[in-house]
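Q: Below is the file coords.cif, which contains mmCIF, C-alpha atoms.
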```cif
data_work
loop_
_atom_site.group_PDB
_atom_site.id
_atom_site.type_symbol
_atom_site.label_atom_id
_atom_site.label_comp_id
_atom_site.auth_asym_id
_atom_site.auth_seq_id
_atom_site.Cartn_x
_atom_site.Cartn_y
_atom_site.Cartn_z
ATOM 1 C CA MET A 1 -33.138 -3.801 20.011
ATOM 2 C CA TRP A 2 -30.736 -5.687 17.794
ATOM 3 C CA ARG A 3 -32.265 -7.409 14.780
ATOM 4 C CA ILE A 4 -30.585 -10.387 13.103
ATOM 5 C CA LEU A 5 -31.456 -11.145 9.481
ATOM 6 C CA VAL A 6 -30.202 -14.512 8.218
ATOM 7 C CA LEU A 7 -29.322 -14.756 4.517
ATOM 8 C CA ALA A 8 -27.750 -17.543 2.501
ATOM 9 C CA ALA A 9 -25.320 -17.064 -0.356
ATOM 10 C CA PHE A 10 -26.341 -16.036 -3.867
ATOM 11 C CA GLY A 11 -29.873 -15.014 -3.056
ATOM 12 C CA CYS A 12 -32.477 -16.306 -0.671
ATOM 13 C CA SER A 13 -35.051 -15.014 1.755
ATOM 14 C CA SER A 14 -34.063 -13.747 5.167
ATOM 15 C CA GLY A 15 -35.737 -13.491 8.512
ATOM 16 C CA SER A 16 -35.315 -11.890 11.912
ATOM 17 C CA GLY A 17 -35.911 -13.276 15.331
ATOM 18 C CA SER A 18 -39.543 -12.180 15.082
ATOM 19 C CA GLY A 19 -40.044 -13.865 11.719
ATOM 20 C CA SER A 20 -39.913 -10.733 9.555
ATOM 21 C CA GLY A 21 -37.115 -9.663 7.256
ATOM 22 C CA SER A 22 -36.033 -8.605 3.796
ATOM 23 C CA LYS A 23 -34.228 -10.075 0.812
ATOM 24 C CA SER A 24 -30.699 -9.641 -0.469
ATOM 25 C CA GLU A 25 -28.547 -11.229 -3.129
ATOM 26 C CA ILE A 26 -24.856 -11.813 -3.734
ATOM 27 C CA LYS A 27 -24.229 -11.814 -7.472
ATOM 28 C CA ALA A 28 -21.371 -13.751 -9.023
ATOM 29 C CA ALA A 29 -18.949 -11.553 -10.959
ATOM 30 C CA ILE A 30 -15.889 -13.779 -11.555
ATOM 31 C CA ASP A 31 -15.299 -17.535 -11.371
ATOM 32 C CA ASP A 32 -11.667 -18.603 -11.042
ATOM 33 C CA THR A 33 -10.073 -22.056 -11.033
ATOM 34 C CA GLY A 34 -7.847 -21.401 -8.054
ATOM 35 C CA VAL A 35 -7.626 -19.888 -4.589
ATOM 36 C CA ILE A 36 -7.994 -16.113 -4.703
ATOM 37 C CA SER A 37 -5.278 -14.433 -2.626
ATOM 38 C CA ALA A 38 -6.039 -10.720 -3.177
ATOM 39 C CA ILE A 39 -8.565 -8.455 -4.885
ATOM 40 C CA ALA A 40 -8.842 -4.753 -5.753
ATOM 41 C CA ALA A 41 -11.689 -2.890 -7.414
ATOM 42 C CA ASP A 42 -12.735 0.590 -8.487
ATOM 43 C CA ASP A 43 -15.378 2.077 -10.760
ATOM 44 C CA GLN A 44 -13.369 1.030 -13.840
ATOM 45 C CA GLY A 45 -12.827 -2.653 -13.118
ATOM 46 C CA LEU A 46 -11.721 -5.533 -10.921
ATOM 47 C CA ALA A 47 -8.269 -7.052 -10.362
ATOM 48 C CA TRP A 48 -7.426 -10.257 -8.494
ATOM 49 C CA SER A 49 -4.695 -12.828 -8.010
ATOM 50 C CA SER A 50 -5.202 -16.556 -7.659
ATOM 51 C CA VAL A 51 -3.150 -19.712 -7.252
ATOM 52 C CA ALA A 52 -4.277 -22.806 -9.132
ATOM 53 C CA HIS A 53 -4.235 -26.231 -7.496
ATOM 54 C CA GLU A 54 -0.631 -27.479 -7.060
ATOM 55 C CA ALA A 55 0.741 -24.374 -8.821
ATOM 56 C CA LYS A 56 3.659 -22.408 -7.373
ATOM 57 C CA ASP A 57 2.952 -18.991 -8.863
ATOM 58 C CA SER A 58 0.003 -16.623 -8.635
ATOM 59 C CA LYS A 59 -1.725 -15.222 -11.691
ATOM 60 C CA LEU A 60 -2.725 -11.556 -11.611
ATOM 61 C CA LYS A 61 -5.775 -10.793 -13.747
ATOM 62 C CA TYR A 62 -7.912 -7.777 -14.541
ATOM 63 C CA ARG A 63 -11.350 -7.274 -16.019
ATOM 64 C CA ALA A 64 -12.751 -3.892 -16.989
ATOM 65 C CA ALA A 65 -16.440 -3.320 -16.354
ATOM 66 C CA GLY A 66 -18.218 -5.261 -19.075
ATOM 67 C CA GLY A 67 -14.921 -6.408 -20.594
ATOM 68 C CA LYS A 68 -12.935 -9.604 -20.882
ATOM 69 C CA VAL A 69 -10.399 -11.072 -18.440
ATOM 70 C CA ILE A 70 -6.809 -9.916 -19.101
ATOM 71 C CA SER A 71 -3.672 -11.588 -17.718
ATOM 72 C CA ILE A 72 -1.400 -8.955 -16.151
ATOM 73 C CA ALA A 73 1.420 -10.973 -14.549
ATOM 74 C CA THR A 74 2.485 -14.366 -13.213
ATOM 75 C CA GLY A 75 4.604 -14.788 -10.107
ATOM 76 C CA TYR A 76 4.409 -14.083 -6.394
ATOM 77 C CA VAL A 77 1.589 -11.562 -5.785
ATOM 78 C CA LEU A 78 0.944 -10.293 -2.251
ATOM 79 C CA GLU A 79 -1.402 -7.337 -2.685
ATOM 80 C CA ILE A 80 -2.984 -5.308 -5.498
ATOM 81 C CA ALA A 81 -3.958 -1.647 -5.954
ATOM 82 C CA LEU A 82 -5.684 0.254 -8.761
ATOM 83 C CA GLN A 83 -5.011 3.872 -9.669
ATOM 84 C CA GLY A 84 -5.905 5.756 -12.841
ATOM 85 C CA ASP A 85 -5.065 3.589 -15.856
ATOM 86 C CA ALA A 86 -2.681 1.329 -13.907
ATOM 87 C CA VAL A 87 -2.603 -1.878 -11.887
ATOM 88 C CA PHE A 88 -0.023 -2.068 -9.077
ATOM 89 C CA TRP A 89 1.057 -5.184 -7.204
ATOM 90 C CA SER A 90 3.691 -6.236 -4.698
ATOM 91 C CA ASP A 91 5.798 -9.360 -4.483
ATOM 92 C CA ARG A 92 8.287 -10.168 -1.731
ATOM 93 C CA THR A 93 10.479 -7.070 -2.066
ATOM 94 C CA HIS A 94 9.181 -5.140 -5.088
ATOM 95 C CA ILE A 95 6.253 -3.032 -6.231
ATOM 96 C CA TRP A 96 5.294 -3.336 -9.895
ATOM 97 C CA ARG A 97 3.066 -1.401 -12.284
ATOM 98 C CA ALA A 98 1.329 -2.225 -15.569
ATOM 99 C CA ASP A 99 -1.353 -0.664 -17.719
ATOM 100 C CA ARG A 100 -4.785 -2.171 -17.252
ATOM 101 C CA ASP A 101 -4.445 -3.950 -20.581
ATOM 102 C CA GLY A 102 -1.276 -5.660 -19.307
ATOM 103 C CA ALA A 103 1.141 -3.488 -21.311
ATOM 104 C CA ARG A 104 4.244 -1.672 -20.066
ATOM 105 C CA ALA A 105 4.850 -3.767 -16.944
ATOM 106 C CA SER A 106 7.743 -2.331 -14.938
ATOM 107 C CA GLN A 107 9.272 -2.304 -11.478
ATOM 108 C CA VAL A 108 8.418 0.796 -9.448
ATOM 109 C CA LEU A 109 10.208 0.203 -6.146
ATOM 110 C CA GLU A 110 12.555 -2.256 -4.433
ATOM 111 C CA VAL A 111 12.802 -2.502 -0.643
ATOM 112 C CA PRO A 112 14.882 -4.789 1.604
ATOM 113 C CA ASP A 113 11.876 -6.295 3.417
ATOM 114 C CA GLU A 114 8.625 -7.944 2.364
ATOM 115 C CA VAL A 115 6.319 -5.223 1.053
ATOM 116 C CA TYR A 116 2.516 -5.078 1.149
ATOM 117 C CA LEU A 117 0.395 -2.642 -0.825
ATOM 118 C CA ALA A 118 -2.208 -0.928 1.333
ATOM 119 C CA GLY A 119 -4.128 0.598 -1.570
ATOM 120 C CA ALA A 120 -4.164 3.807 -3.574
ATOM 121 C CA ASP A 121 -5.975 7.125 -3.794
ATOM 122 C CA SER A 122 -5.932 9.607 -6.656
ATOM 123 C CA GLU A 123 -2.411 10.818 -5.821
ATOM 124 C CA PHE A 124 -0.451 8.038 -4.106
ATOM 125 C CA VAL A 125 0.061 4.289 -3.810
ATOM 126 C CA TYR A 126 0.602 3.340 -0.150
ATOM 127 C CA TYR A 127 2.652 0.432 1.190
ATOM 128 C CA VAL A 128 3.980 -1.213 4.359
ATOM 129 C CA ALA A 129 7.428 -2.820 4.447
ATOM 130 C CA TRP A 130 8.257 -4.226 7.890
ATOM 131 C CA ARG A 131 9.558 -1.209 9.855
ATOM 132 C CA LEU A 132 8.540 1.516 7.439
ATOM 133 C CA VAL A 133 5.449 2.994 5.827
ATOM 134 C CA GLY A 134 5.671 4.836 2.525
ATOM 135 C CA ARG A 135 3.812 6.099 -0.496
ATOM 136 C CA ILE A 136 4.652 6.505 -4.167
ATOM 137 C CA ALA A 137 3.513 9.581 -6.072
ATOM 138 C CA LYS A 138 2.329 9.493 -9.676
ATOM 139 C CA ASN A 139 5.710 10.810 -10.825
ATOM 140 C CA GLY A 140 7.417 7.846 -9.137
ATOM 141 C CA THR A 141 8.737 9.728 -6.105
ATOM 142 C CA ASN A 142 8.952 7.492 -3.024
ATOM 143 C CA GLU A 143 8.153 9.173 0.312
ATOM 144 C CA ILE A 144 8.814 7.503 3.690
ATOM 145 C CA LEU A 145 5.986 8.431 6.050
ATOM 146 C CA ALA A 146 7.090 6.620 9.201
ATOM 147 C CA ARG A 147 9.915 4.382 10.357
ATOM 148 C CA ILE A 148 10.381 2.166 13.405
ATOM 149 C CA PRO A 149 13.980 2.116 14.750
ATOM 150 C CA GLU A 150 15.955 -1.047 13.948
ATOM 151 C CA ASP A 151 16.579 -1.767 17.648
ATOM 152 C CA THR A 152 12.832 -1.837 18.392
ATOM 153 C CA GLU A 153 11.105 -5.224 18.487
ATOM 154 C CA ALA A 154 8.107 -4.077 16.503
ATOM 155 C CA SER A 155 6.899 -3.740 12.915
ATOM 156 C CA PHE A 156 4.102 -2.096 10.957
ATOM 157 C CA LYS A 157 1.334 -4.469 9.853
ATOM 158 C CA LYS A 158 -1.777 -2.704 8.545
ATOM 159 C CA LEU A 159 -2.380 0.743 7.066
ATOM 160 C CA ALA A 160 -5.474 2.858 6.431
ATOM 161 C CA PHE A 161 -5.757 6.266 4.779
ATOM 162 C CA ASP A 162 -8.536 8.702 3.944
ATOM 163 C CA GLY A 163 -8.332 12.329 2.855
ATOM 164 C CA GLY A 164 -4.802 12.851 4.140
ATOM 165 C CA ARG A 165 -5.424 11.018 7.405
ATOM 166 C CA ILE A 166 -3.149 7.990 7.773
ATOM 167 C CA VAL A 167 -3.344 5.358 10.508
ATOM 168 C CA ALA A 168 -1.144 2.275 10.961
ATOM 169 C CA SER A 169 -1.052 -0.709 13.284
ATOM 170 C CA VAL A 170 2.198 -1.679 14.982
ATOM 171 C CA SER A 171 2.792 -5.242 16.179
ATOM 172 C CA HIS A 172 5.171 -5.913 19.054
ATOM 173 C CA PHE A 173 7.040 -9.199 19.308
ATOM 174 C CA GLY A 174 9.531 -8.616 22.118
ATOM 175 C CA SER A 175 9.681 -10.687 25.288
ATOM 176 C CA ASP A 176 8.624 -7.702 27.416
ATOM 177 C CA HIS A 177 5.659 -6.579 25.306
ATOM 178 C CA THR A 178 3.318 -8.308 22.876
ATOM 179 C CA GLY A 179 0.185 -7.132 21.188
ATOM 180 C CA SER A 180 -0.584 -4.199 18.921
ATOM 181 C CA GLU A 181 -1.115 -0.472 18.973
ATOM 182 C CA ILE A 182 -2.776 1.950 16.581
ATOM 183 C CA ARG A 183 -0.749 4.984 15.491
ATOM 184 C CA ARG A 184 -1.826 8.034 13.538
ATOM 185 C CA ILE A 185 1.213 8.767 11.427
ATOM 186 C CA ASP A 186 0.113 11.753 9.353
ATOM 187 C CA GLY A 187 0.619 13.911 12.441
ATOM 188 C CA GLY A 188 3.976 12.554 13.607
ATOM 189 C CA GLN A 189 3.096 9.072 14.879
ATOM 190 C CA LYS A 190 0.792 10.146 17.676
ATOM 191 C CA VAL A 191 -0.275 6.971 19.509
ATOM 192 C CA LEU A 192 -4.052 6.669 19.248
ATOM 193 C CA ASP A 193 -4.515 3.418 21.094
ATOM 194 C CA VAL A 194 -2.338 0.840 22.846
ATOM 195 C CA MET A 195 -4.410 -2.307 23.213
ATOM 196 C CA ASP A 196 -2.068 -4.248 25.506
ATOM 197 C CA VAL A 197 -3.551 -7.548 24.365
ATOM 198 C CA THR A 198 -1.423 -10.642 24.898
ATOM 199 C CA ASP A 199 -0.757 -12.228 21.515
ATOM 200 C CA GLY A 200 -3.307 -9.880 19.967
ATOM 201 C CA GLN A 201 -2.585 -8.761 16.401
ATOM 202 C CA VAL A 202 -4.514 -6.321 14.221
ATOM 203 C CA ASN A 203 -5.663 -8.147 11.075
ATOM 204 C CA ASN A 204 -7.580 -5.325 9.410
ATOM 205 C CA LEU A 205 -7.817 -1.570 9.789
ATOM 206 C CA THR A 206 -9.837 1.215 8.154
ATOM 207 C CA ILE A 207 -10.986 4.807 8.620
ATOM 208 C CA ASP A 208 -14.726 5.442 8.590
ATOM 209 C CA GLY A 209 -15.629 9.113 8.860
ATOM 210 C CA ASP A 210 -14.204 10.458 12.119
ATOM 211 C CA ARG A 211 -13.398 7.014 13.549
ATOM 212 C CA VAL A 212 -10.762 4.344 13.103
ATOM 213 C CA VAL A 213 -12.134 0.788 12.977
ATOM 214 C CA TRP A 214 -10.046 -2.358 13.356
ATOM 215 C CA SER A 215 -10.226 -6.047 14.188
ATOM 216 C CA VAL A 216 -7.790 -7.968 16.343
ATOM 217 C CA GLU A 217 -6.987 -11.658 16.564
ATOM 218 C CA ARG A 218 -6.501 -12.977 20.074
ATOM 219 C CA LYS A 219 -5.030 -16.409 20.680
ATOM 220 C CA SER A 220 -5.781 -16.945 24.339
ATOM 221 C CA PRO A 221 -8.585 -17.777 24.017
ATOM 222 C CA GLN A 222 -8.817 -17.902 20.211
ATOM 223 C CA ARG A 223 -11.198 -15.201 19.021
ATOM 224 C CA HIS A 224 -11.508 -12.199 16.701
ATOM 225 C CA GLU A 225 -13.055 -8.885 17.770
ATOM 226 C CA VAL A 226 -13.896 -5.557 16.106
ATOM 227 C CA PHE A 227 -13.308 -2.186 17.795
ATOM 228 C CA SER A 228 -13.562 1.512 16.946
ATOM 229 C CA ARG A 229 -12.321 4.779 18.396
ATOM 230 C CA PRO A 230 -12.565 8.464 17.401
ATOM 231 C CA LEU A 231 -9.572 9.694 15.420
ATOM 232 C CA ALA A 232 -9.447 12.755 17.664
ATOM 233 C CA GLY A 233 -9.256 10.549 20.761
ATOM 234 C CA GLY A 234 -11.882 9.215 23.103
ATOM 235 C CA PRO A 235 -13.220 5.936 24.470
ATOM 236 C CA ARG A 236 -12.732 2.704 22.575
ATOM 237 C CA ALA A 237 -15.910 0.824 21.599
ATOM 238 C CA HIS A 238 -16.249 -2.931 21.197
ATOM 239 C CA LEU A 239 -18.465 -3.441 18.141
ATOM 240 C CA ALA A 240 -18.683 -7.152 17.474
ATOM 241 C CA THR A 241 -17.038 -10.553 17.419
ATOM 242 C CA GLY A 242 -15.446 -11.289 14.046
ATOM 243 C CA THR A 243 -12.867 -10.097 11.512
ATOM 244 C CA LEU A 244 -13.343 -6.711 9.860
ATOM 245 C CA ILE A 245 -13.835 -6.732 6.070
ATOM 246 C CA ALA A 246 -14.829 -3.104 5.432
ATOM 247 C CA ALA A 247 -16.625 -0.145 7.008
ATOM 248 C CA ARG A 248 -18.445 2.887 5.624
ATOM 249 C CA GLU A 249 -20.812 5.447 7.141
ATOM 250 C CA GLY A 250 -21.265 3.398 10.288
ATOM 251 C CA ALA A 251 -21.969 0.113 8.487
ATOM 252 C CA ILE A 252 -19.470 -2.593 9.464
ATOM 253 C CA TYR A 253 -18.899 -5.685 7.291
ATOM 254 C CA LEU A 254 -17.302 -8.575 9.138
ATOM 255 C CA THR A 255 -16.781 -12.302 8.802
ATOM 256 C CA ARG A 256 -17.083 -14.937 11.515
ATOM 257 C CA ARG A 257 -15.025 -18.008 10.745
ATOM 258 C CA GLU A 258 -16.661 -20.194 13.366
ATOM 259 C CA LEU A 259 -20.008 -19.643 11.616
ATOM 260 C CA ALA A 260 -18.520 -19.655 8.081
ATOM 261 C CA ALA A 261 -20.546 -16.521 7.419
ATOM 262 C CA THR A 262 -20.316 -12.785 6.735
ATOM 263 C CA PHE A 263 -22.396 -10.170 8.563
ATOM 264 C CA LEU A 264 -23.444 -6.539 8.216
ATOM 265 C CA LEU A 265 -23.570 -4.548 11.455
ATOM 266 C CA ASN A 266 -25.272 -1.133 11.482
ATOM 267 C CA ALA A 267 -27.581 0.996 13.621
ATOM 268 C CA VAL A 268 -30.500 -1.336 12.867
ATOM 269 C CA GLY A 269 -28.696 -4.461 14.056
ATOM 270 C CA GLN A 270 -26.612 -7.321 12.724
ATOM 271 C CA ARG A 271 -27.570 -9.525 9.801
ATOM 272 C CA ARG A 272 -25.977 -12.385 7.926
ATOM 273 C CA ILE A 273 -25.374 -11.518 4.268
ATOM 274 C CA GLY A 274 -23.552 -14.580 2.915
ATOM 275 C CA PRO A 275 -20.805 -17.181 3.343
ATOM 276 C CA GLU A 276 -17.400 -16.463 4.850
ATOM 277 C CA VAL A 277 -15.524 -13.806 2.880
ATOM 278 C CA LEU A 278 -11.807 -14.268 2.199
ATOM 279 C CA HIS A 279 -11.181 -10.759 0.829
ATOM 280 C CA GLY A 280 -13.510 -7.808 0.384
ATOM 281 C CA VAL A 281 -13.571 -4.197 -0.827
ATOM 282 C CA LEU A 282 -16.276 -1.522 -0.973
ATOM 283 C CA VAL A 283 -16.691 0.348 -4.271
ATOM 284 C CA GLY A 284 -19.593 2.741 -4.593
ATOM 285 C CA LYS A 285 -22.749 0.811 -3.788
ATOM 286 C CA ARG A 286 -21.127 -2.603 -4.108
ATOM 287 C CA LEU A 287 -19.190 -4.805 -1.709
ATOM 288 C CA TYR A 288 -16.921 -7.034 -3.833
ATOM 289 C CA ALA A 289 -15.837 -10.179 -2.005
ATOM 290 C CA SER A 290 -14.134 -13.493 -2.751
ATOM 291 C CA PHE A 291 -15.466 -16.865 -1.617
ATOM 292 C CA GLN A 292 -13.883 -20.300 -1.749
ATOM 293 C CA THR A 293 -16.514 -22.484 -3.411
ATOM 294 C CA SER A 294 -14.376 -25.644 -3.510
ATOM 295 C CA SER A 295 -10.747 -26.702 -3.162
ATOM 296 C CA LEU A 296 -10.281 -25.989 -6.883
ATOM 297 C CA LYS A 297 -12.527 -22.996 -7.463
ATOM 298 C CA SER A 298 -13.208 -19.498 -6.123
ATOM 299 C CA THR A 299 -15.828 -16.875 -6.895
ATOM 300 C CA ILE A 300 -15.740 -13.104 -6.638
ATOM 301 C CA GLY A 301 -19.225 -11.759 -6.108
ATOM 302 C CA TYR A 302 -20.757 -8.473 -5.114
ATOM 303 C CA LEU A 303 -23.519 -7.371 -2.837
ATOM 304 C CA SER A 304 -25.426 -4.161 -3.508
ATOM 305 C CA VAL A 305 -25.247 -1.930 -0.432
ATOM 306 C CA GLU A 306 -26.813 1.407 0.452
#
```
If you took the structure in this file and wrote it as structure tokens, what would it be?
A:
Amino acid sequence: MWRILVLAAFGCSSGSGSGSGSKSEIKAAIDDTGVISAIAADDQGLAWSSVAHEAKDSKLKYRAAGGKVISIATGYVLEIALQGDAVFWSDRTHIWRADRDGARASQVLEVPDEVYLAGADSEFVYYVAWRLVGRIAKNGTNEILARIPEDTEASFKKLAFDGGRIVASVSHFGSDHTGSEIRRIDGGQKVLDVMDVTDGQVNNLTIDGDRVVWSVERKSPQRHEVFSRPLAGGPRAHLATGTLIAAREGAIYLTRRELAATFLLNAVGQRRIGPEVLHGVLVGKRLYASFQTSSLKSTIGYLSVE
């Protein structure tokens, strides 16, 4: 039997359909006078970009655990990644790097198309740039992992990686085929799943254990849904309605815009854990997430998770 626990933001009691429940709390970590556009976190600290009201440029900032806020860069910031002692970020056609104290900022890579950072592990920084997927080694070597032919009406959108396993979503925009497919590209672009959803686009993607988990936006009718499928192949499972934020060990974090709320889905059931999340990332036993508290202010908070 599914159990729904309803929680409000920043700490309050919760209850299930039968009147019982537990308590949880979202703790504020960062207040920012702007709209947060991206966040990244690890066990050393937290990085984020925000755009102030009526400003044209984003500001990239970093705060070490227990430290002060440091300005890293100002400009157009799409995505952020943390690795070792460095902060990486992408703008329209470049990937940049700086030390976590803001020193030694430099350009790492230039590509002809808009580039999005997909994150980093201990060895590589991964990115998506329209029809190609690549990764940058610590020594600066750029490796192309997959490429879509120029005459194909498709592009890479989202990327997930874990322990050498790499999965990407491909969006089609041709007149004869729309929708998305999931490809495992560490083994030569084997097609894991072709969703064949009209106007359906993958808006988040992750690997959780032996499964790939993703959410798709469908426009007719307008809705967001979360699915999973074994990496080795097998039946696709519909998990929930909503947009995927993160997944780990079978626990799925998702947001539902129509309810302006964020939920945790696991083997016990589904429970509301706070307001709608704009961006989120799991680090250890914390889920860091950004919330828009007003038109002029955002908050990054964290929820302790098991």
Q: Near A:Asp151, counting all atoms listed in the file, which residues have an atom at most 12 Å away, once you skip same-chain residues fewer than 4 positions from it, shown as a count of residues only?
A: 4
Q: Quick one: which residues end up in the PyMOL selection byres ((chain A and resi 173) around 6) for this structure, as a PyMOL selection string?
A: chain A and resi 153-154+172+174+178
Q: I'd like the residues picked by the PyMOL selection byres ((chain A and resi 55-63) around 6) written out as number ranges by chain, using the chain letters and numbers from the file.
A: A: 45-54, 64, 67-76
Q: Suppose a student applies the PyMOL selection byres ((chain A and resi 252) around 10) to this structure; what residues should they get, written as an mmCIF file with C-alpha atoms, in the coordinates of the input?
A:
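What landed in result-v9.cif:
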```cif
data_model
loop_
_atom_site.group_PDB
_atom_site.id
_atom_site.type_symbol
_atom_site.label_atom_id
_atom_site.label_comp_id
_atom_site.auth_asym_id
_atom_site.auth_seq_id
_atom_site.Cartn_x
_atom_site.Cartn_y
_atom_site.Cartn_z
ATOM 1 C CA ASP A 208 -14.726 5.442 8.590
ATOM 2 C CA VAL A 213 -12.134 0.788 12.977
ATOM 3 C CA VAL A 226 -13.896 -5.557 16.106
ATOM 4 C CA LEU A 239 -18.465 -3.441 18.141
ATOM 5 C CA ALA A 240 -18.683 -7.152 17.474
ATOM 6 C CA LEU A 244 -13.343 -6.711 9.860
ATOM 7 C CA ILE A 245 -13.835 -6.732 6.070
ATOM 8 C CA ALA A 246 -14.829 -3.104 5.432
ATOM 9 C CA ALA A 247 -16.625 -0.145 7.008
ATOM 10 C CA ARG A 248 -18.445 2.887 5.624
ATOM 11 C CA GLU A 249 -20.812 5.447 7.141
ATOM 12 C CA GLY A 250 -21.265 3.398 10.288
ATOM 13 C CA ALA A 251 -21.969 0.113 8.487
ATOM 14 C CA TYR A 253 -18.899 -5.685 7.291
ATOM 15 C CA LEU A 254 -17.302 -8.575 9.138
ATOM 16 C CA PHE A 263 -22.396 -10.170 8.563
ATOM 17 C CA LEU A 264 -23.444 -6.539 8.216
ATOM 18 C CA LEU A 265 -23.570 -4.548 11.455
ATOM 19 C CA ASN A 266 -25.272 -1.133 11.482
ATOM 20 C CA ALA A 267 -27.581 0.996 13.621
ATOM 21 C CA GLN A 270 -26.612 -7.321 12.724
#
```
Q: Between A:Leu282, A:Leu231, A:Ile182, A:Val87, which has the minimum distance to A:Val216 (counting all atoms listed in the file)?
A: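 Smallest distance to A:Val216 is found for A:Ile182.
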Q: Using all atoms listed in the file for the distances, tell me which of A:Arg92, A:Lys138, A:Arg223, A:Arg286 is nearest to A:Glu110.
A: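 For A:Glu110, the nearest of the given residues is A:Arg92.
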Q: Mind pulling up the distance from atom CA of A:Tyr127 to atom CA of A:Asp42?
A: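 Computing it gives 18.2 Å between the two atoms.
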Q: How far is it from atom CA of A:Ile273 to atom CA of A:Tyr288, in Å with one decimal?
A: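 It comes out at 12.5 Å.
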Q: Residues within 7 Å of stretch 111-122 of chain A, please, as JSON, numbers by chain. Count all atoms listed in the file; anything in the same chain fewer than 6 positions from it doesn't count.
A: {"A": [78, 79, 80, 81, 82, 83, 89, 90, 91, 92, 93, 94, 128, 129, 130, 159]}
Q: Expressed in Å to a single decimal, how great is the separation between atom CA of A:Ser304 and atom CA of A:Asp210?
A: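 Computed distance, atom CA of A:Ser304 to atom CA of A:Asp210, equals 24.2 Å.
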Q: Check the smallest atom-to-atom distance from each of A:Arg184, A:Leu303, A:Gly163, A:Ser215 to A:Ala232 using only C-alpha atoms, then report the winner.
A: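 Of A:Arg184, A:Leu303, A:Gly163, A:Ser215, the one nearest A:Ala232 is A:Arg184, counting only C-alpha atoms.
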Q: Could you give me, as a PyMOL selection string, the residues within 8 Å of A:Ala98, counting only C-alpha atoms and dropping anything in the same chain fewer than 4 positions from it?
A: chain A and resi 72+86-88+102-106
Q: Dig up all the protein and nucleic acid residues within 6 Å of (-15.9, -11.9, -2.1) in the file frame, using all atoms listed in the file, and format them as a list in words.
A: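 Residues close enough to count: Val277, His279, Gly280, Tyr288, Ala289, Ser290, Phe291, Ile300 and Gly301 of chain A.
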Q: Using only C-alpha atoms, find the one residue out of A:Glu150, A:Asp101, A:Asp186, A:Glu181 that sits nearest to A:Arg165.
A: A:Asp186
Q: Just write stretch 51-60 of chain A with N, CA, C and O atoms, as a PDB file, in the first residue's frame, taken from the block above.
A:
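decode39.pdb, written as the output of this step:
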```pdb
ATOM      1  N   VAL A  51      21.116  34.959 -11.411  1.00  0.00           N
ATOM      2  CA  VAL A  51      20.927  36.183 -12.187  1.00  0.00           C
ATOM      3  C   VAL A  51      20.080  37.132 -11.358  1.00  0.00           C
ATOM      4  O   VAL A  51      18.942  36.808 -10.998  1.00  0.00           O
ATOM      5  N   ALA A  52      20.619  38.291 -11.041  1.00  0.00           N
ATOM      6  CA  ALA A  52      19.885  39.278 -10.259  1.00  0.00           C
ATOM      7  C   ALA A  52      18.783  39.909 -11.100  1.00  0.00           C
ATOM      8  O   ALA A  52      18.800  39.858 -12.338  1.00  0.00           O
ATOM      9  N   HIS A  53      17.820  40.508 -10.437  1.00  0.00           N
ATOM     10  CA  HIS A  53      16.691  41.147 -11.109  1.00  0.00           C
ATOM     11  C   HIS A  53      17.178  42.214 -12.094  1.00  0.00           C
ATOM     12  O   HIS A  53      17.969  43.085 -11.742  1.00  0.00           O
ATOM     13  N   GLU A  54      16.740  42.098 -13.346  1.00  0.00           N
ATOM     14  CA  GLU A  54      17.063  43.018 -14.440  1.00  0.00           C
ATOM     15  C   GLU A  54      18.545  42.982 -14.847  1.00  0.00           C
ATOM     16  O   GLU A  54      18.989  43.815 -15.637  1.00  0.00           O
ATOM     17  N   ALA A  55      19.302  42.030 -14.340  1.00  0.00           N
ATOM     18  CA  ALA A  55      20.708  41.903 -14.751  1.00  0.00           C
ATOM     19  C   ALA A  55      20.804  41.048 -16.007  1.00  0.00           C
ATOM     20  O   ALA A  55      19.937  40.218 -16.283  1.00  0.00           O
ATOM     21  N   LYS A  56      21.863  41.249 -16.779  1.00  0.00           N
ATOM     22  CA  LYS A  56      22.071  40.482 -18.006  1.00  0.00           C
ATOM     23  C   LYS A  56      22.980  39.277 -17.789  1.00  0.00           C
ATOM     24  O   LYS A  56      22.854  38.266 -18.472  1.00  0.00           O
ATOM     25  N   ASP A  57      23.913  39.384 -16.864  1.00  0.00           N
ATOM     26  CA  ASP A  57      24.894  38.338 -16.655  1.00  0.00           C
ATOM     27  C   ASP A  57      24.615  37.528 -15.394  1.00  0.00           C
ATOM     28  O   ASP A  57      24.021  38.026 -14.430  1.00  0.00           O
ATOM     29  N   SER A  58      25.065  36.274 -15.414  1.00  0.00           N
ATOM     30  CA  SER A  58      25.009  35.432 -14.226  1.00  0.00           C
ATOM     31  C   SER A  58      26.249  35.671 -13.374  1.00  0.00           C
ATOM     32  O   SER A  58      27.301  36.079 -13.877  1.00  0.00           O
ATOM     33  N   LYS A  59      26.133  35.371 -12.102  1.00  0.00           N
ATOM     34  CA  LYS A  59      27.275  35.395 -11.201  1.00  0.00           C
ATOM     35  C   LYS A  59      27.488  33.981 -10.663  1.00  0.00           C
ATOM     36  O   LYS A  59      26.565  33.380 -10.105  1.00  0.00           O
ATOM     37  N   LEU A  60      28.687  33.461 -10.872  1.00  0.00           N
ATOM     38  CA  LEU A  60      29.057  32.138 -10.386  1.00  0.00           C
ATOM     39  C   LEU A  60      29.760  32.290  -9.046  1.00  0.00           C
ATOM     40  O   LEU A  60      30.738  33.034  -8.930  1.00  0.00           O
TER      41      LEU A  60
END
```
